[in-house]
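A quick write-up on the structure given underneath.
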Amino acid sequence: MPSNVEIKARVRDLEALQDRVRTISGAKPHVISQRDTFFFTSRGRLKLRELAPDRAELIYYERPDQDGPKRSDFYVFETASPAALKTVLAQALGVRGEVEKTRRLYMVGQTRIHLDEVRGLGTFLELEVVLQDGQSDRDGQAIAEDLLTQLGVDSRDLVESAYMDLLEQGA
């Protein structure tokens with residue numbers, strides 16, 4: 001199962017953070033509109049990420065809810081029929097909710113840096129350090145913590161929950 005180490009934080013000053021991310025990445029972002037539909041599951045999380053009318057990813061992942069860097073194990077299935085798959089999953093499992101966001105994606109080494117504008121929640125930074133063969137969770141955490149320091153992220157801004165959880169909590 002592929003794994004990454006993730007960390008999420010609220011963004012106080014988007015322009016300043018975006019400038020720091022651009023400097024570190026050396027590139028412009030790839031801008032992506034996403035609609036994630038979450039389904040009820042007995043464990044982990046299951047979401048259908050719609051990227052276009054004919055392109056989506058079904059993503060199952062398990063990740064603890066805790067502050068700071070945390071390991072996420074995931075599976076991804078790509079489909080060219082998002083609407084049909086969404087209908088089947090909704091009938092079989094029930095829809096927990098939806099998260100709509102505009103994501104600015106930057107790459108720094110093996111880390112995906114996301115600046116997310118989430119409808120109903122605000123702006124967030126998300127780091128996903130993709131673990132390579134032989135790398136430990138600790139290795140990924142060290143990379144994430146180093147990037148947080150370079151980006152000037154305050155530990156008080158760290159968020160433990162997924163966007164779906166935050167929406168349900170009215171946060």
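Chain labels run A, B, ... following the order of the structure tokens; each chain numbers its residues from 1, and ligands are numbered from 1 in the order shown.
The protein and nucleic acid residues lying at most 8 Å from range 105-112 of chain A are Val21, Arg22, Ile24, Ser25, Ala27, Lys28, Pro29, His30, Val31, Ile32, Arg103, His114, Leu115, Leu127, Glu128, Val129, Val130 and Leu131 of chain A, with only C-alpha atoms considered and sequence neighbours fewer than 2 positions away removed.
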Kindly export the residues of the current selection with C-alpha atoms, as a PDB file, in the first residue's frame.
```
ATOM      1  CA  VAL A  21       6.381  28.149  -1.488  1.00  0.00           C
ATOM      2  CA  ARG A  22       7.173  29.507  -4.966  1.00  0.00           C
ATOM      3  CA  ILE A  24      11.280  26.860  -2.422  1.00  0.00           C
ATOM      4  CA  SER A  25       9.677  25.020  -5.352  1.00  0.00           C
ATOM      5  CA  ALA A  27       7.946  26.754 -10.149  1.00  0.00           C
ATOM      6  CA  LYS A  28       4.442  28.022 -10.676  1.00  0.00           C
ATOM      7  CA  PRO A  29       1.617  25.948  -9.220  1.00  0.00           C
ATOM      8  CA  HIS A  30      -0.610  23.532 -11.039  1.00  0.00           C
ATOM      9  CA  VAL A  31      -4.163  24.752 -10.226  1.00  0.00           C
ATOM     10  CA  ILE A  32      -6.775  22.031  -9.782  1.00  0.00           C
ATOM     11  CA  ARG A 103      -5.826  23.452  -4.987  1.00  0.00           C
ATOM     12  CA  HIS A 114      -0.938  22.079  -1.537  1.00  0.00           C
ATOM     13  CA  LEU A 115      -2.376  25.518  -0.937  1.00  0.00           C
ATOM     14  CA  LEU A 127       2.177  18.779   2.841  1.00  0.00           C
ATOM     15  CA  GLU A 128       2.269  15.212   1.535  1.00  0.00           C
ATOM     16  CA  VAL A 129       5.720  13.623   1.744  1.00  0.00           C
ATOM     17  CA  VAL A 130       5.508  10.554  -0.507  1.00  0.00           C
ATOM     18  CA  LEU A 131       7.485   7.828   1.223  1.00  0.00           C
TER      19      LEU A 131
END
```
Closest atom pairs, range 25-107 of chain A residues within 10 Å of range 134-148 of chain A, only C-alpha atoms, as JSON lines:
```
{"residue": "A:Gly68", "atom": "CA", "partner": "A:Glu145", "partner_atom": "CA", "distance": 8.4}
{"residue": "A:Pro69", "atom": "CA", "partner": "A:Gln141", "partner_atom": "CA", "distance": 5.5}
{"residue": "A:Lys70", "atom": "CA", "partner": "A:Gln141", "partner_atom": "CA", "distance": 7.4}
{"residue": "A:Arg71", "atom": "CA", "partner": "A:Asp137", "partner_atom": "CA", "distance": 6.5}
{"residue": "A:Ser72", "atom": "CA", "partner": "A:Asp137", "partner_atom": "CA", "distance": 9.7}
```
(request) Name all residues at most 9 Å from Ile59 in chain A (count only C-alpha atoms; drop same-chain ones fewer than 2 positions away) and give them as a VMD selection string. (result) chain A and resid 45 to 49 57 61 74 to 78
Only C-alpha atoms, please: the residues just picked out, written as a PDB file, in the first residue's frame.
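What follows is the written file again_17.pdb:
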```
ATOM      1  CA  ARG A  45     -12.040   7.165   4.652  1.00  0.00           C
ATOM      2  CA  LEU A  46     -13.365   6.665   1.131  1.00  0.00           C
ATOM      3  CA  LYS A  47     -13.769   9.566  -1.266  1.00  0.00           C
ATOM      4  CA  LEU A  48     -14.428  10.090  -4.936  1.00  0.00           C
ATOM      5  CA  ARG A  49     -12.304  13.000  -6.167  1.00  0.00           C
ATOM      6  CA  GLU A  57     -10.060   9.079  -8.551  1.00  0.00           C
ATOM      7  CA  TYR A  61      -7.055   5.983   3.027  1.00  0.00           C
ATOM      8  CA  PHE A  74      -3.868   4.862   0.628  1.00  0.00           C
ATOM      9  CA  TYR A  75      -5.146   3.194  -2.524  1.00  0.00           C
ATOM     10  CA  VAL A  76      -6.199   5.073  -5.669  1.00  0.00           C
ATOM     11  CA  PHE A  77      -8.451   3.844  -8.479  1.00  0.00           C
ATOM     12  CA  GLU A  78      -8.879   6.051 -11.561  1.00  0.00           C
TER      13      GLU A  78
END
```
(request) Between A:Phe124, A:Tyr60, A:Glu50, A:Ser42, single out the one closest to Leu93 in chain A, counting only C-alpha atoms. (result)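 Between A:Phe124, A:Tyr60, A:Glu50, A:Ser42, the residue approaching Leu93 in chain A most closely is A:Ser42.
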(request) Output as a PyMOL selection string all residues of range 101-156 of chain A that backbone DSSP marks as strand (DSSP E or B). (result) chain A and resi 101-108+111-118+122-130
(request) Please report, as a PyMOL selection string, each residue of chain A to which DSSP assigns helix (DSSP H, G or I) when run on this structure's backbone. (result) chain A and resi 14-25+82-93+137-151+155-157+163-169
(message) So that I can check the surroundings of Gly170 in chain A, please list as a PyMOL selection string every protein, DNA and RNA residue that reaches within 10 Å of it, counting only C-alpha atoms and ignoring chain neighbours fewer than 6 positions away.
(response) chain A and resi 120-121+164
(request) Might you pull out every residue within 12 Å of Tyr163 in chain A, with only C-alpha atoms counted and same-chain residues fewer than 5 positions away left off, and present them as number ranges by chain? (result) A: 8-10, 35-38, 45, 47, 65, 97-101, 116-126, 168-171
Got time to write the residues from that selection, N, CA and C atoms, as a tab-separated table (two decimals), in the first residue's frame?
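Result saved to again.tsv:
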```tsv
chain	number	residue	atom	x	y	z
A	8	LYS	N	-1.19	19.27	7.96
A	8	LYS	CA	-2.11	20.31	7.48
A	8	LYS	C	-2.08	21.48	8.46
A	9	ALA	N	-2.20	22.71	7.93
A	9	ALA	CA	-2.22	23.90	8.78
A	9	ALA	C	-3.11	24.96	8.16
A	10	ARG	N	-3.73	25.75	9.01
A	10	ARG	CA	-4.48	26.91	8.54
A	10	ARG	C	-3.50	27.95	8.05
A	35	ARG	N	-13.71	18.24	-6.38
A	35	ARG	CA	-14.89	17.97	-5.56
A	35	ARG	C	-14.72	16.57	-5.01
A	36	ASP	N	-14.60	16.48	-3.69
A	36	ASP	CA	-14.45	15.19	-3.02
A	36	ASP	C	-15.78	14.81	-2.38
A	37	THR	N	-16.32	13.68	-2.77
A	37	THR	CA	-17.52	13.15	-2.14
A	37	THR	C	-17.09	12.02	-1.22
A	38	PHE	N	-17.38	12.17	0.07
A	38	PHE	CA	-17.02	11.16	1.06
A	38	PHE	C	-18.20	10.23	1.29
A	45	ARG	N	-11.23	6.21	5.40
A	45	ARG	CA	-12.04	7.16	4.65
A	45	ARG	C	-12.06	6.75	3.18
A	47	LYS	N	-13.26	8.39	-0.57
A	47	LYS	CA	-13.77	9.57	-1.27
A	47	LYS	C	-13.60	9.40	-2.76
A	65	ASP	N	-6.08	10.90	13.33
A	65	ASP	CA	-6.37	12.32	13.53
A	65	ASP	C	-5.49	12.79	14.68
A	97	GLY	N	-20.71	13.44	2.88
A	97	GLY	CA	-20.66	14.86	2.58
A	97	GLY	C	-19.71	15.16	1.44
A	98	GLU	N	-19.62	16.44	1.09
A	98	GLU	CA	-18.75	16.85	-0.02
A	98	GLU	C	-17.84	17.99	0.41
A	99	VAL	N	-16.66	17.99	-0.17
A	99	VAL	CA	-15.68	19.05	0.05
A	99	VAL	C	-15.30	19.59	-1.32
A	100	GLU	N	-15.47	20.90	-1.51
A	100	GLU	CA	-15.07	21.54	-2.77
A	100	GLU	C	-13.89	22.45	-2.48
A	101	LYS	N	-12.87	22.35	-3.35
A	101	LYS	CA	-11.68	23.17	-3.13
A	101	LYS	C	-10.98	23.48	-4.43
A	116	ASP	N	-4.68	25.07	-0.40
A	116	ASP	CA	-6.08	24.75	-0.66
A	116	ASP	C	-7.02	25.85	-0.19
A	117	GLU	N	-7.89	26.30	-1.10
A	117	GLU	CA	-8.99	27.20	-0.74
A	117	GLU	C	-10.22	26.31	-0.67
A	118	VAL	N	-10.69	26.04	0.54
A	118	VAL	CA	-11.77	25.09	0.77
A	118	VAL	C	-13.07	25.84	1.04
A	119	ARG	N	-14.07	25.56	0.22
A	119	ARG	CA	-15.36	26.23	0.37
A	119	ARG	C	-15.93	25.96	1.76
A	120	GLY	N	-16.26	27.05	2.45
A	120	GLY	CA	-16.85	26.94	3.77
A	120	GLY	C	-15.86	26.83	4.92
A	121	LEU	N	-14.55	26.72	4.61
A	121	LEU	CA	-13.55	26.56	5.67
A	121	LEU	C	-12.43	27.60	5.63
A	122	GLY	N	-12.02	28.00	4.43
A	122	GLY	CA	-10.90	28.93	4.33
A	122	GLY	C	-9.72	28.33	3.60
A	123	THR	N	-8.52	28.84	3.93
A	123	THR	CA	-7.31	28.47	3.21
A	123	THR	C	-6.39	27.65	4.10
A	124	PHE	N	-5.82	26.60	3.50
A	124	PHE	CA	-4.97	25.67	4.24
A	124	PHE	C	-3.73	25.34	3.44
A	125	LEU	N	-2.68	24.97	4.18
A	125	LEU	CA	-1.46	24.39	3.63
A	125	LEU	C	-1.50	22.91	3.96
A	126	GLU	N	-1.20	22.08	2.97
A	126	GLU	CA	-1.10	20.64	3.22
A	126	GLU	C	0.18	20.14	2.58
A	168	GLU	N	-18.01	19.06	9.08
A	168	GLU	CA	-19.03	18.48	9.97
A	168	GLU	C	-19.04	19.15	11.34
A	169	GLN	N	-17.86	19.58	11.80
A	169	GLN	CA	-17.74	20.24	13.11
A	169	GLN	C	-18.12	21.71	13.04
A	170	GLY	N	-18.31	22.23	11.82
A	170	GLY	CA	-18.63	23.63	11.65
A	170	GLY	C	-17.45	24.53	11.98
A	171	ALA	N	-16.24	23.99	11.81
A	171	ALA	CA	-15.02	24.74	12.16
A	171	ALA	C	-14.64	25.73	11.11
```
(request) State, in Å with one decimal place, the distance from CA of Gly44 in chain A to CA of Arg63 in chain A. (result)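 Answer for the CA of Gly44 in chain A to CA of Arg63 in chain A separation: 7.1 Å.
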Considering only C-alpha atoms, give me a table of residues in range 65-151 of chain A that are at most 10 Å from range 52-55 of chain A, with the closest atom pair and distance in Å for each, as a Markdown table.
```
| residue | atom | partner | partner_atom | distance |
| --- | --- | --- | --- | --- |
| A:Glu78 | CA | A:Arg55 | CA | 7.4 |
| A:Thr79 | CA | A:Arg55 | CA | 5.9 |
| A:Ala80 | CA | A:Asp54 | CA | 4.7 |
| A:Ser81 | CA | A:Asp54 | CA | 5.7 |
| A:Pro82 | CA | A:Arg55 | CA | 6.4 |
| A:Ala83 | CA | A:Pro53 | CA | 7.7 |
```
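Note that CA of Leu167 in chain A and CA of Arg104 in chain A are 20.4 Å apart.
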(request) For each of A:Leu151, A:Leu85, A:Leu166, A:Asn4, take the minimum atom-to-atom distance to Ala16 in chain A, counting only C-alpha atoms, then give the residue where this is smallest. (result)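 That would be A:Leu151, the residue with the smallest distance to Ala16 in chain A.
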(request) Using CA of Asp157 in chain A and CA of Thr102 in chain A as the two end points, give the distance in Å to one decimal. (result) 20.0 Å
(message) When you count only C-alpha atoms, which of these residues is closest to Ser155 in chain A: A:Val11, A:Ser3, A:Ala56, A:Leu51?
(response) A:Val11
